[in-house]
Each structure stands twice: as structure tokens, then as C-alpha cells.
Amino acid sequence: MRLLAQLIFLLLFTSACGGGDGDSQVTETPTSPSTETPEVIPAPSSLCEQTTSSVNWEALMNEDCDTLSQYGLFIDPVSPTSDPVSPGLAYELSTQLFTNYASKHRFIFIPEGEKANYHPTDAFQFPVGTVLTKSFSMPYDSQVKGAENEIKIETRLLIHRESGWTTLPYLWQEGEAKLTLGGADIPHTLNHQGEVAQFDYHVPSRAECKLCHQINRDGESKIAPIGLKAHLLNTEINYQGQTVNQLQLWADRELLGSLPNITEVASAPSLFDKDADLTQRVKGYLDINCAHCHRAEGFASISGLRLGFHIDHTSYQYGVCKQPPGWDGGAKGLSFDLIPGDGEHSILLYRQELNNPKDRMPPIGRSLVHQEAVILIKQWIDSLPPSLGNCQS
């Protein structure tokens with residue numbers, strides 16, 4: 001009986017599990033395959049197309065992006081005049097680099113953990129990865145400040161890549177900054193102290209950028225920054241509502257190494273600082289506007305004229321009784337770069353008054369004469385004692 005019970009249990013178990021004939025087999029209903037195609041997000045075709053909330057360092061170091069916004073340098077892509085993305089920092093120069101009375105907004109981006117190397121007289125050395133931005137806005141009236149009275153014209157980038165520094169000019173068009181390697185001329189009308197000037201604001205081409213930023217060393221021509229020198233950065237600025245020394249701020253934020261005691265650092269006062277020494281004011285202005293070409297390694301080295309802030313202004317190399325090679329003297333037929341006591345007949349002043357492309361100085365960067373600067377530079381030359389040199393043709 002026990003054996004019979006076991007046989008009956010076995011037959012029942014195999015039948016329930018589908019182990020019997022076809023009539024008792026349990027068949028599962030097949031599931032239809034899904035007809036939905038999973039979304040495929042294409043990879044960016046270039047580094048410029050990467051989407052990121054931080055600075056697009058990869059693109060900056062490797063590609064020339066079509067639009068400024070692709071680099072992610074500013075929180076608001078259409079406002080390159082404020083709110084840089086970290087680690088961007090605004091900076092200022094102590095005296096004016098003149099460009100048709102344009103407003104300028106400068107920012108520096110140094111990769112985290114890196115810093116610039118201090119130099120007492122020349123531009124600082126910056127690590128690979130450093131990015132400098134400078135945006136230009138033209139006012140409609142030079143005496144009215146504020147963005148509502150201005151139009152954005154251009155933003156220039158100076159990028160330190162592994163291969164060296166490179167320049168990228170961006171032209172603002174319909175609310176977007178677009179790469180413009182060939183330069184452009186933008187018509188503009190400016191009311192300056194009651195006089196209306198109509199002119200073409202010239203956005204330099206990439207080749208023209210090199211004329212000013214070119215440094216020739218060891219038989220090789222390289223691009224380098226111009227205005228980031230100790231005497232042009234040693235100035236008081238407003239930082240987060242407080243007045244601080246700009247160089248000390250850089251050192252405190254570990255963006256600048258080897259800064260000596262700030263009292264030992266030279267400072268170039270603004271040309272229009274009436275409380276400062278006139279000679280220092282003029283030399284600072286000539287340094288930022290002229291010395292990048294008028295130096296031994298610059299584009300105008302053949303002229304022999306050296307206009308750096310630390311050059312002795314009573315010397316021949318600063319132009320005292322020096323005759324320039326390759327210039328005919330203009331309509332006045334002038335012969336000497338600087339005649340102490342005689343600004344009227346000094347080429348240094350005269351060429352800043354001229355506006356013909358062949359004769360004006362600087363040769364690019366302005367379409368208007370900086371009248372206020374001309375007045376002060378003449379006043380300074382007239383104040384120099386004629387005994388500094390014997391200028392005879």
C-alpha cells in the first residue's frame with residue numbers, strides 16, 4: 001500500500017509540472033519585442049561644442065572656436081564685461097591704453113594651482129593655460145559713462161597654449177561675438193566734448209594683433225602680453241567693495257609669485273593724475289601705448305627709439321636729439337624724435353597728432369587723435385631743459 005501511494009503521488013506531480021503528454025503542457029505567451037529606439041546622444045564633433053558650466057579649458061587650449069560663448073568664460077555669454085566664470089578675475093591698468101575713447105574690460109584666467117612669475121620691469125611670465133580677455137565698447141558720448149551709452153564692438157583673447165601665445169579677435173554681431181580673423185571696420189559716431197566725430201573703428205585682424213604683441217628673441221618671433229607689467233598693475237582697485245592693491249591681491253590669491261614688498265615696486269600713475277609727477281605720468285602713457293613696439297625686441301626696433309617706463313628719458317635712446325631712420329619728417333619736415341624744450345618740433349609728439357595711416361603713431365589701434373594726451377605730452381617736452389641735448393640738423 002505504501003508503494004502504491006508513492007506511485008500515485010509521482011504521477012500527479014509530473015502531470016502538474018508539464019511532464020505529461022501534450023494535452024496537459026503549459027505554454028507561455030511570447031512577449032513582443034519593443035519597437036522603441038533608445039535615444040542616442042551624438043558626441044560633440046569638436047571641443048567647442050562641449051556643454052559645460054565651467055571654463056572650457058580643452059577648447060581654449062586646442063581649438064579656435066567660432067563664437068566666444070563656446071569657451072564658457074562668462075556667466076552671461078552676452079556680457080563679457082562682468083561676472084567671469086571661476087577662476088576669472090578682473091584687472092586694471094594704472095594708465096590708459098588709448099583706443100578711440102573706448103571703454104575696456106579686462107579679465108585674466110589662470111588655471112587653478114598655477115601662478116605668474118613676477119618681473120620688475122617687463123611683462124610677467126604666465127603659465128600655459130592662461131587666458132586674457134579684453135572687451136571694447138564704444139560710447140556715443142565720451143563724457144557719459146555706462147553700458148546704456150555704449151555699444152559692444154569686439155572682444156580679444158590672448159591664450160597661452162602649449163605651442164605659445166595665440167590671438168583670437170571676436171566681433172560682436174547681433175548679440176553674439178563671432179571669430180573674425182580678417183578684421184573689420186565698424187562705422188561709429190562719437191560726440192566728444194561737443195564735437196561730433198564720424199569714423200571707422202578698426203577691429204584688428206589676427207595678423208595685425210601680432211604687430212603689437214610680437215617679441216623677437218634668439219632669431220624667433222613670438223607673441224606675448226603687453227600691459228601686464230609691475231608698474232602698470234601696481235595700482236589701487238575696488239575688489240568686492242574694498243580698496244586693495246592689485247598686485248598684493250594677486251599675491252594673496254596665489255596668482256603671482258615672488259612679489260617683493262609693494263613699497264619696492266614701481267608704479268606708473270595715470271596720465272591724468274594731476275597730483276603725480278608729470279614725467280612719470282607721460283612715461284607711463286608712452287610705455288603702454290608705444291613701448292611694445294619701441295623696444296629692442298619689438299616691431300619698431302629698427303627705429304632705435306626705446307620708450308619703456310624704465311628707460312632714462314634724458315637719453316639718446318629715449319629720442320633726445322635722435323634722428324629716426326625711414327621717415328621723411330612729415331609736412332613739417334621735422335628731424336628729431338625729441339627736442340628738449342620744443343614739443344612743437346619733436347617727432348614723438350607730431351606723429352601722435354597725425355592721422356594718416358602712413359604717418360600716425362601708433363600705426364594701428366586708433367582712428368582718432370588723443371587730444372588730451374597730446375596737450376600733456378607737449379607740456380612735458382616743453383618743460384625739459386634744452387641743455388639735455390644739442391639738436392642740430
# chains A, B, ... in the order shown; residues from 1 in each chain; ligands from 1
call {"tool": "closest_atom_pairs", "arguments": {"of": "range 196-223 of chain A", "to": "range 273-290 of chain A", "cutoff": "12 Å", "atoms": "only C-alpha atoms", "output": "Markdown table"}}
result
| residue | atom | partner | partner_atom | distance |
| --- | --- | --- | --- | --- |
| A:Leu211 | CA | A:Cys290 | CA | 11.8 |
| A:Cys212 | CA | A:Cys290 | CA | 9.0 |
| A:His213 | CA | A:Cys290 | CA | 11.5 |
call {"tool": "write_last_selection", "arguments": {"atoms": "all heavy atoms", "output": "PDB file, in the first residue's frame"}}
result
ATOM      1  N   LEU A 211      51.454  92.464 -34.765  1.00  0.00           N
ATOM      2  CA  LEU A 211      52.345  93.618 -34.879  1.00  0.00           C
ATOM      3  C   LEU A 211      52.664  94.217 -33.519  1.00  0.00           C
ATOM      4  O   LEU A 211      53.803  94.590 -33.235  1.00  0.00           O
ATOM      5  CB  LEU A 211      51.715  94.688 -35.781  1.00  0.00           C
ATOM      6  CG  LEU A 211      51.530  94.336 -37.261  1.00  0.00           C
ATOM      7  CD1 LEU A 211      50.891  95.503 -37.991  1.00  0.00           C
ATOM      8  CD2 LEU A 211      52.847  93.959 -37.911  1.00  0.00           C
ATOM      9  N   CYS A 212      51.666  94.303 -32.666  1.00  0.00           N
ATOM     10  CA  CYS A 212      51.872  94.882 -31.338  1.00  0.00           C
ATOM     11  C   CYS A 212      52.404  93.859 -30.336  1.00  0.00           C
ATOM     12  O   CYS A 212      53.208  94.197 -29.468  1.00  0.00           O
ATOM     13  CB  CYS A 212      50.568  95.474 -30.811  1.00  0.00           C
ATOM     14  SG  CYS A 212      50.020  96.951 -31.696  1.00  0.00           S
ATOM     15  N   HIS A 213      51.954  92.617 -30.452  1.00  0.00           N
ATOM     16  CA  HIS A 213      52.295  91.606 -29.447  1.00  0.00           C
ATOM     17  C   HIS A 213      53.546  90.799 -29.816  1.00  0.00           C
ATOM     18  O   HIS A 213      53.902  89.871 -29.103  1.00  0.00           O
ATOM     19  CB  HIS A 213      51.110  90.662 -29.252  1.00  0.00           C
ATOM     20  CG  HIS A 213      49.978  91.273 -28.496  1.00  0.00           C
ATOM     21  ND1 HIS A 213      49.931  91.300 -27.114  1.00  0.00           N
ATOM     22  CD2 HIS A 213      48.859  91.909 -28.920  1.00  0.00           C
ATOM     23  CE1 HIS A 213      48.822  91.903 -26.725  1.00  0.00           C
ATOM     24  NE2 HIS A 213      48.151  92.290 -27.795  1.00  0.00           N
TER      25      HIS A 213
END
call {"tool": "residues_around", "arguments": {"residues": "Asp359 in chain A", "least_positions_apart": "5", "cutoff": "9 Å", "atoms": "only C-alpha atoms", "output": "number ranges by chain"}}
result
A: 327, 330, 351-352, 354
call {"tool": "write_last_selection", "arguments": {"atoms": "N, CA and C atoms", "output": "PDB file, in the first residue's frame"}}
result
ATOM      1  N   TRP A 327      61.809 107.798 -41.999  1.00  0.00           N
ATOM      2  CA  TRP A 327      60.625 108.659 -42.028  1.00  0.00           C
ATOM      3  C   TRP A 327      61.037 110.030 -42.531  1.00  0.00           C
ATOM      4  N   GLY A 330      57.459 114.311 -42.325  1.00  0.00           N
ATOM      5  CA  GLY A 330      56.109 114.822 -42.489  1.00  0.00           C
ATOM      6  C   GLY A 330      56.077 116.202 -43.128  1.00  0.00           C
ATOM      7  N   ARG A 351      53.831 112.858 -34.489  1.00  0.00           N
ATOM      8  CA  ARG A 351      53.216 111.684 -35.088  1.00  0.00           C
ATOM      9  C   ARG A 351      51.975 111.215 -34.308  1.00  0.00           C
ATOM     10  N   GLN A 352      51.833 111.663 -33.074  1.00  0.00           N
ATOM     11  CA  GLN A 352      50.605 111.389 -32.338  1.00  0.00           C
ATOM     12  C   GLN A 352      49.487 112.345 -32.729  1.00  0.00           C
ATOM     13  N   LEU A 354      49.180 113.313 -36.027  1.00  0.00           N
ATOM     14  CA  LEU A 354      48.831 112.967 -37.399  1.00  0.00           C
ATOM     15  C   LEU A 354      47.844 111.804 -37.406  1.00  0.00           C
TER      16      LEU A 354
END
call {"tool": "residues_around", "arguments": {"residues": "Thr67 in chain A", "least_positions_apart": "3", "cutoff": "7 Å", "atoms": "only C-alpha atoms", "output": "ChimeraX atom specification"}}
result
/A:70,177-179
call {"tool": "select_by_dssp", "arguments": {"residues": "range 101-340 of chain A", "states": "helix (DSSP H, G or I)", "output": "short mmCIF file (atom, residue, chain, number, x, y, z; two decimals) with all heavy atoms, in the first residue's frame"}}
result
data_model
loop_
_atom_site.label_atom_id
_atom_site.label_comp_id
_atom_site.auth_asym_id
_atom_site.auth_seq_id
_atom_site.Cartn_x
_atom_site.Cartn_y
_atom_site.Cartn_z
N ALA A 147 26.85 101.31 -19.58
CA ALA A 147 26.60 100.41 -20.70
C ALA A 147 25.48 100.90 -21.61
O ALA A 147 25.47 100.62 -22.81
CB ALA A 147 26.27 99.02 -20.17
N GLU A 148 24.51 101.66 -21.05
CA GLU A 148 23.39 102.12 -21.86
C GLU A 148 23.82 103.18 -22.88
O GLU A 148 23.08 103.46 -23.83
CB GLU A 148 22.28 102.68 -20.96
CG GLU A 148 22.66 103.92 -20.17
CD GLU A 148 23.46 103.62 -18.92
OE1 GLU A 148 23.69 102.42 -18.64
OE2 GLU A 148 23.85 104.58 -18.22
N ASN A 149 25.01 103.75 -22.70
CA ASN A 149 25.52 104.76 -23.63
C ASN A 149 26.58 104.17 -24.56
O ASN A 149 27.25 104.90 -25.27
CB ASN A 149 26.13 105.93 -22.85
CG ASN A 149 26.72 107.01 -23.74
OD1 ASN A 149 26.03 107.58 -24.57
ND2 ASN A 149 28.03 107.26 -23.60
N ARG A 206 43.98 89.12 -37.19
CA ARG A 206 44.90 88.31 -36.38
C ARG A 206 46.35 88.69 -36.69
O ARG A 206 47.18 88.74 -35.79
CB ARG A 206 44.67 86.84 -36.68
CG ARG A 206 45.22 85.90 -35.63
CD ARG A 206 44.82 84.48 -35.93
NE ARG A 206 45.04 83.61 -34.80
CZ ARG A 206 44.73 82.31 -34.79
NH1 ARG A 206 44.15 81.78 -35.86
NH2 ARG A 206 44.97 81.57 -33.74
N ALA A 207 46.62 88.98 -37.95
CA ALA A 207 47.98 89.39 -38.34
C ALA A 207 48.35 90.73 -37.71
O ALA A 207 49.49 90.93 -37.28
CB ALA A 207 48.10 89.46 -39.86
N GLU A 208 47.39 91.65 -37.65
CA GLU A 208 47.65 92.96 -37.05
C GLU A 208 47.87 92.86 -35.54
O GLU A 208 48.66 93.61 -34.98
CB GLU A 208 46.50 93.92 -37.37
CG GLU A 208 46.47 94.36 -38.82
CD GLU A 208 45.24 95.19 -39.14
OE1 GLU A 208 44.14 94.83 -38.68
OE2 GLU A 208 45.38 96.20 -39.86
N CYS A 209 47.19 91.92 -34.90
CA CYS A 209 47.41 91.71 -33.46
C CYS A 209 48.89 91.38 -33.22
O CYS A 209 49.48 91.81 -32.21
CB CYS A 209 46.55 90.56 -32.95
SG CYS A 209 44.78 90.94 -32.88
N LYS A 210 49.47 90.65 -34.14
CA LYS A 210 50.86 90.23 -33.96
C LYS A 210 51.82 91.41 -34.03
O LYS A 210 52.88 91.40 -33.41
CB LYS A 210 51.22 89.19 -35.02
CG LYS A 210 52.60 88.57 -34.82
CD LYS A 210 52.88 87.50 -35.85
CE LYS A 210 54.27 86.90 -35.62
NZ LYS A 210 54.58 85.84 -36.60
N LEU A 211 51.45 92.46 -34.77
CA LEU A 211 52.35 93.62 -34.88
C LEU A 211 52.66 94.22 -33.52
O LEU A 211 53.80 94.59 -33.23
CB LEU A 211 51.72 94.69 -35.78
CG LEU A 211 51.53 94.34 -37.26
CD1 LEU A 211 50.89 95.50 -37.99
CD2 LEU A 211 52.85 93.96 -37.91
N CYS A 212 51.67 94.30 -32.67
CA CYS A 212 51.87 94.88 -31.34
C CYS A 212 52.40 93.86 -30.34
O CYS A 212 53.21 94.20 -29.47
CB CYS A 212 50.57 95.47 -30.81
SG CYS A 212 50.02 96.95 -31.70
N HIS A 213 51.95 92.62 -30.45
CA HIS A 213 52.29 91.61 -29.45
C HIS A 213 53.55 90.80 -29.82
O HIS A 213 53.90 89.87 -29.10
CB HIS A 213 51.11 90.66 -29.25
CG HIS A 213 49.98 91.27 -28.50
ND1 HIS A 213 49.93 91.30 -27.11
CD2 HIS A 213 48.86 91.91 -28.92
CE1 HIS A 213 48.82 91.90 -26.73
NE2 HIS A 213 48.15 92.29 -27.80
N ALA A 230 54.68 95.17 -13.84
CA ALA A 230 54.52 95.56 -12.43
C ALA A 230 54.07 97.01 -12.30
O ALA A 230 53.14 97.32 -11.54
CB ALA A 230 55.83 95.33 -11.68
N HIS A 231 54.73 97.94 -13.02
CA HIS A 231 54.41 99.35 -12.84
C HIS A 231 53.03 99.73 -13.39
O HIS A 231 52.48 100.76 -13.02
CB HIS A 231 55.48 100.24 -13.48
CG HIS A 231 55.74 99.94 -14.93
ND1 HIS A 231 56.64 98.98 -15.33
CD2 HIS A 231 55.24 100.48 -16.06
CE1 HIS A 231 56.68 98.93 -16.65
NE2 HIS A 231 55.83 99.83 -17.12
N LEU A 232 52.46 98.90 -14.26
CA LEU A 232 51.13 99.17 -14.80
C LEU A 232 50.02 98.45 -14.02
O LEU A 232 48.84 98.80 -14.14
CB LEU A 232 51.06 98.75 -16.28
CG LEU A 232 51.96 99.54 -17.22
CD1 LEU A 232 51.98 98.90 -18.61
CD2 LEU A 232 51.51 101.00 -17.31
N LEU A 233 50.40 97.48 -13.21
CA LEU A 233 49.43 96.76 -12.38
C LEU A 233 49.48 97.19 -10.93
O LEU A 233 48.58 96.86 -10.15
CB LEU A 233 49.68 95.25 -12.48
CG LEU A 233 49.46 94.61 -13.85
CD1 LEU A 233 49.95 93.16 -13.85
CD2 LEU A 233 47.99 94.67 -14.25
N GLN A 246 46.30 96.00 -6.26
CA GLN A 246 46.04 94.92 -7.21
C GLN A 246 47.13 93.85 -7.19
O GLN A 246 46.82 92.64 -7.19
CB GLN A 246 45.90 95.50 -8.62
CG GLN A 246 45.56 94.49 -9.67
CD GLN A 246 45.13 95.14 -10.97
OE1 GLN A 246 44.05 94.85 -11.49
NE2 GLN A 246 45.96 96.02 -11.50
N LEU A 247 48.39 94.23 -7.16
CA LEU A 247 49.46 93.24 -7.14
C LEU A 247 49.43 92.43 -5.85
O LEU A 247 49.66 91.21 -5.87
CB LEU A 247 50.82 93.92 -7.30
CG LEU A 247 51.19 94.39 -8.70
CD1 LEU A 247 52.57 95.03 -8.70
CD2 LEU A 247 51.15 93.24 -9.70
N GLN A 248 49.16 93.09 -4.75
CA GLN A 248 49.09 92.37 -3.48
C GLN A 248 47.92 91.38 -3.49
O GLN A 248 48.02 90.28 -2.95
CB GLN A 248 48.95 93.36 -2.32
CG GLN A 248 49.16 92.73 -0.96
CD GLN A 248 50.54 92.16 -0.81
OE1 GLN A 248 51.54 92.86 -0.93
NE2 GLN A 248 50.63 90.86 -0.54
N LEU A 249 46.82 91.78 -4.12
CA LEU A 249 45.67 90.89 -4.25
C LEU A 249 46.06 89.63 -5.02
O LEU A 249 45.71 88.51 -4.63
CB LEU A 249 44.52 91.61 -4.96
CG LEU A 249 43.31 90.74 -5.33
CD1 LEU A 249 42.60 90.26 -4.07
CD2 LEU A 249 42.35 91.51 -6.22
N TRP A 250 46.78 89.81 -6.12
CA TRP A 250 47.21 88.66 -6.91
C TRP A 250 48.10 87.73 -6.08
O TRP A 250 47.96 86.51 -6.14
CB TRP A 250 47.97 89.13 -8.15
CG TRP A 250 47.10 89.68 -9.24
CD1 TRP A 250 45.87 90.25 -9.10
CD2 TRP A 250 47.41 89.73 -10.62
NE1 TRP A 250 45.40 90.65 -10.31
CE2 TRP A 250 46.31 90.36 -11.27
CE3 TRP A 250 48.50 89.35 -11.39
CZ2 TRP A 250 46.29 90.57 -12.65
CZ3 TRP A 250 48.48 89.55 -12.76
CH2 TRP A 250 47.38 90.16 -13.38
N ALA A 251 49.02 88.33 -5.32
CA ALA A 251 49.91 87.52 -4.49
C ALA A 251 49.12 86.78 -3.41
O ALA A 251 49.36 85.60 -3.15
CB ALA A 251 50.98 88.40 -3.87
N ASP A 252 48.16 87.49 -2.77
CA ASP A 252 47.37 86.88 -1.71
C ASP A 252 46.52 85.72 -2.24
O ASP A 252 46.27 84.75 -1.51
CB ASP A 252 46.47 87.93 -1.05
CG ASP A 252 47.27 88.97 -0.27
OD1 ASP A 252 48.45 88.71 0.02
OD2 ASP A 252 46.70 90.03 0.04
N ILE A 262 55.60 95.65 -1.54
CA ILE A 262 54.94 96.51 -2.52
C ILE A 262 55.56 97.90 -2.57
O ILE A 262 55.47 98.59 -3.60
CB ILE A 262 53.42 96.58 -2.22
CG1 ILE A 262 52.64 96.94 -3.49
CG2 ILE A 262 53.12 97.53 -1.08
CD1 ILE A 262 52.67 95.89 -4.54
N THR A 263 56.20 98.34 -1.51
CA THR A 263 56.85 99.66 -1.50
C THR A 263 58.07 99.68 -2.40
O THR A 263 58.57 100.76 -2.74
CB THR A 263 57.26 100.05 -0.07
OG1 THR A 263 58.18 99.07 0.44
CG2 THR A 263 56.05 100.13 0.84
N GLU A 264 58.56 98.51 -2.80
CA GLU A 264 59.74 98.43 -3.66
C GLU A 264 59.37 98.32 -5.14
O GLU A 264 60.25 98.28 -6.00
CB GLU A 264 60.60 97.22 -3.27
CG GLU A 264 61.08 97.25 -1.82
CD GLU A 264 61.78 95.97 -1.43
OE1 GLU A 264 62.07 95.15 -2.34
OE2 GLU A 264 62.03 95.76 -0.23
N LEU A 278 54.64 114.86 -13.56
CA LEU A 278 54.30 114.88 -14.98
C LEU A 278 55.18 113.93 -15.78
O LEU A 278 54.70 113.23 -16.69
CB LEU A 278 54.39 116.30 -15.54
CG LEU A 278 54.04 116.45 -17.03
CD1 LEU A 278 52.62 115.99 -17.30
CD2 LEU A 278 54.24 117.91 -17.48
N THR A 279 56.46 113.87 -15.47
CA THR A 279 57.35 112.96 -16.19
C THR A 279 56.91 111.52 -16.03
O THR A 279 56.85 110.76 -17.01
CB THR A 279 58.80 113.13 -15.70
OG1 THR A 279 59.27 114.44 -16.02
CG2 THR A 279 59.72 112.10 -16.34
N GLN A 280 56.57 111.11 -14.81
CA GLN A 280 56.13 109.74 -14.58
C GLN A 280 54.80 109.47 -15.27
O GLN A 280 54.57 108.36 -15.79
CB GLN A 280 56.00 109.49 -13.07
CG GLN A 280 57.30 109.61 -12.31
CD GLN A 280 58.32 108.58 -12.77
OE1 GLN A 280 58.12 107.39 -12.62
NE2 GLN A 280 59.42 109.05 -13.34
N ARG A 281 53.94 110.46 -15.32
CA ARG A 281 52.65 110.30 -15.99
C ARG A 281 52.84 110.07 -17.49
O ARG A 281 52.24 109.15 -18.07
CB ARG A 281 51.79 111.54 -15.75
CG ARG A 281 51.33 111.70 -14.31
CD ARG A 281 51.01 113.16 -13.98
NE ARG A 281 49.96 113.71 -14.81
CZ ARG A 281 49.61 115.00 -14.81
NH1 ARG A 281 50.24 115.86 -14.01
NH2 ARG A 281 48.65 115.42 -15.59
N VAL A 282 53.69 110.89 -18.11
CA VAL A 282 53.93 110.77 -19.55
C VAL A 282 54.66 109.47 -19.87
O VAL A 282 54.32 108.77 -20.83
CB VAL A 282 54.71 111.99 -20.07
CG1 VAL A 282 55.20 111.75 -21.51
CG2 VAL A 282 53.84 113.24 -20.01
N LYS A 283 55.64 109.11 -19.06
CA LYS A 283 56.41 107.90 -19.35
C LYS A 283 55.53 106.64 -19.21
O LYS A 283 55.69 105.68 -19.98
CB LYS A 283 57.62 107.80 -18.43
CG LYS A 283 58.68 108.85 -18.72
CD LYS A 283 59.94 108.62 -17.91
CE LYS A 283 60.69 107.39 -18.38
NZ LYS A 283 61.97 107.21 -17.67
N GLY A 284 54.61 106.65 -18.26
CA GLY A 284 53.69 105.52 -18.14
C GLY A 284 52.79 105.41 -19.36
O GLY A 284 52.55 104.31 -19.88
N TYR A 285 52.31 106.55 -19.84
CA TYR A 285 51.44 106.57 -21.03
C TYR A 285 52.19 106.10 -22.27
O TYR A 285 51.67 105.30 -23.06
CB TYR A 285 50.90 107.98 -21.24
CG TYR A 285 49.99 108.13 -22.45
CD1 TYR A 285 48.63 107.86 -22.35
CD2 TYR A 285 50.49 108.55 -23.68
CE1 TYR A 285 47.79 108.00 -23.45
CE2 TYR A 285 49.67 108.69 -24.79
CZ TYR A 285 48.32 108.41 -24.67
OH TYR A 285 47.50 108.55 -25.77
N LEU A 286 53.41 106.57 -22.45
CA LEU A 286 54.20 106.16 -23.61
C LEU A 286 54.58 104.68 -23.51
O LEU A 286 54.69 103.99 -24.53
CB LEU A 286 55.45 107.03 -23.73
CG LEU A 286 55.21 108.51 -24.07
CD1 LEU A 286 56.53 109.27 -24.09
CD2 LEU A 286 54.48 108.66 -25.40
N ASP A 287 54.76 104.20 -22.30
CA ASP A 287 55.08 102.78 -22.12
C ASP A 287 53.94 101.89 -22.62
O ASP A 287 54.16 100.99 -23.43
CB ASP A 287 55.37 102.50 -20.65
CG ASP A 287 55.76 101.05 -20.39
OD1 ASP A 287 54.88 100.17 -20.41
OD2 ASP A 287 56.96 100.80 -20.17
N ILE A 288 52.72 102.14 -22.16
CA ILE A 288 51.62 101.25 -22.51
C ILE A 288 51.19 101.45 -23.96
O ILE A 288 50.72 100.51 -24.62
CB ILE A 288 50.42 101.42 -21.56
CG1 ILE A 288 49.34 100.37 -21.84
CG2 ILE A 288 49.85 102.83 -21.61
CD1 ILE A 288 49.80 98.95 -21.77
N ASN A 289 51.34 102.65 -24.52
CA ASN A 289 50.88 102.90 -25.88
C ASN A 289 51.95 102.68 -26.95
O ASN A 289 51.61 102.45 -28.11
CB ASN A 289 50.35 104.34 -25.99
CG ASN A 289 48.99 104.51 -25.35
OD1 ASN A 289 47.96 104.22 -25.96
ND2 ASN A 289 48.98 104.96 -24.11
N CYS A 290 53.22 102.73 -26.56
CA CYS A 290 54.28 102.73 -27.58
C CYS A 290 55.40 101.72 -27.35
O CYS A 290 56.02 101.26 -28.32
CB CYS A 290 54.92 104.12 -27.66
SG CYS A 290 53.75 105.49 -27.80
N SER A 301 61.90 98.01 -33.67
CA SER A 301 63.25 98.01 -33.09
C SER A 301 64.24 98.76 -33.96
O SER A 301 65.17 99.40 -33.45
CB SER A 301 63.73 96.57 -32.87
OG SER A 301 63.76 95.87 -34.11
N ILE A 302 64.05 98.73 -35.28
CA ILE A 302 64.99 99.36 -36.20
C ILE A 302 65.02 100.88 -36.01
O ILE A 302 66.00 101.54 -36.37
CB ILE A 302 64.66 99.00 -37.66
CG1 ILE A 302 65.81 99.39 -38.59
CG2 ILE A 302 63.36 99.67 -38.10
CD1 ILE A 302 65.63 98.92 -40.02
N SER A 303 63.97 101.45 -35.43
CA SER A 303 63.92 102.90 -35.23
C SER A 303 64.96 103.37 -34.21
O SER A 303 65.34 104.55 -34.19
CB SER A 303 62.53 103.32 -34.75
OG SER A 303 62.30 102.90 -33.42
N TYR A 316 69.68 109.49 -25.32
CA TYR A 316 69.54 109.42 -26.78
C TYR A 316 68.55 108.35 -27.18
O TYR A 316 67.74 108.55 -28.09
CB TYR A 316 70.92 109.13 -27.39
CG TYR A 316 70.92 108.97 -28.89
CD1 TYR A 316 70.95 110.07 -29.73
CD2 TYR A 316 70.91 107.70 -29.48
CE1 TYR A 316 70.95 109.92 -31.12
CE2 TYR A 316 70.91 107.53 -30.85
CZ TYR A 316 70.93 108.64 -31.66
OH TYR A 316 70.95 108.50 -33.03
N GLN A 317 68.58 107.20 -26.50
CA GLN A 317 67.69 106.11 -26.91
C GLN A 317 66.22 106.44 -26.63
O GLN A 317 65.32 105.88 -27.26
CB GLN A 317 68.09 104.80 -26.23
CG GLN A 317 67.99 104.79 -24.72
CD GLN A 317 68.32 103.42 -24.13
OE1 GLN A 317 68.21 102.39 -24.80
NE2 GLN A 317 68.74 103.41 -22.87
N TYR A 318 65.96 107.36 -25.71
CA TYR A 318 64.59 107.80 -25.47
C TYR A 318 64.17 108.85 -26.51
O TYR A 318 63.04 109.34 -26.48
CB TYR A 318 64.42 108.35 -24.06
CG TYR A 318 63.01 108.23 -23.53
CD1 TYR A 318 62.55 107.05 -22.95
CD2 TYR A 318 62.11 109.30 -23.60
CE1 TYR A 318 61.25 106.93 -22.46
CE2 TYR A 318 60.81 109.19 -23.11
CZ TYR A 318 60.39 108.01 -22.56
OH TYR A 318 59.09 107.89 -22.08
#
call {"tool": "closest_atom_pairs", "arguments": {"of": "range 87-175 of chain A", "to": "range 307-313 of chain A", "cutoff": "10 Å", "atoms": "only C-alpha atoms", "output": "tab-separated table"}}
result
residue	atom	partner	partner_atom	distance
A:Pro120	CA	A:His310	CA	9.8
A:Thr121	CA	A:His310	CA	7.0
A:Asp122	CA	A:Gly308	CA	9.1
call {"tool": "write_last_selection", "arguments": {"atoms": "C-alpha atoms", "output": "short mmCIF file (atom, residue, chain, number, x, y, z; two decimals), in the first residue's frame"}}
result
data_model
loop_
_atom_site.label_atom_id
_atom_site.label_comp_id
_atom_site.auth_asym_id
_atom_site.auth_seq_id
_atom_site.Cartn_x
_atom_site.Cartn_y
_atom_site.Cartn_z
CA PRO A 120 60.44 94.13 -12.06
CA THR A 121 60.47 95.83 -15.48
CA ASP A 122 58.99 93.57 -18.16
#
call {"tool": "closest_residue", "arguments": {"among": "A:Leu47, A:Cys293, A:Ile151, A:Leu338", "to": "Gln323 in chain A", "atoms": "only C-alpha atoms"}}
result
A:Leu338
call {"tool": "atom_distance", "arguments": {"atom1": "CA of Glu154 in chain A", "atom2": "CA of Leu171 in chain A"}}
result
4.5 Å
call {"tool": "residues_around", "arguments": {"residues": "range 165-168 of chain A", "least_positions_apart": "3", "cutoff": "9 Å", "atoms": "only C-alpha atoms", "output": "list of chain:residue names"}}
result
A:Asp64, A:Val128, A:Thr155, A:Arg156, A:Leu157, A:Leu158, A:Ile159, A:His160, A:Arg161, A:Glu162, A:Leu179, A:Thr180, A:Leu181, A:Ser205, A:Arg206, A:Ala207, A:Cys209, A:Lys210, A:Lys222, A:Ile223, A:Ala224, A:Pro225
call {"tool": "atom_distance", "arguments": {"atom1": "CA of Ser137 in chain A", "atom2": "CA of Ile215 in chain A"}}
result
27.7 Å
call {"tool": "atom_distance", "arguments": {"atom1": "CA of Glu236 in chain A", "atom2": "CA of Tyr118 in chain A"}}
result
18.0 Å
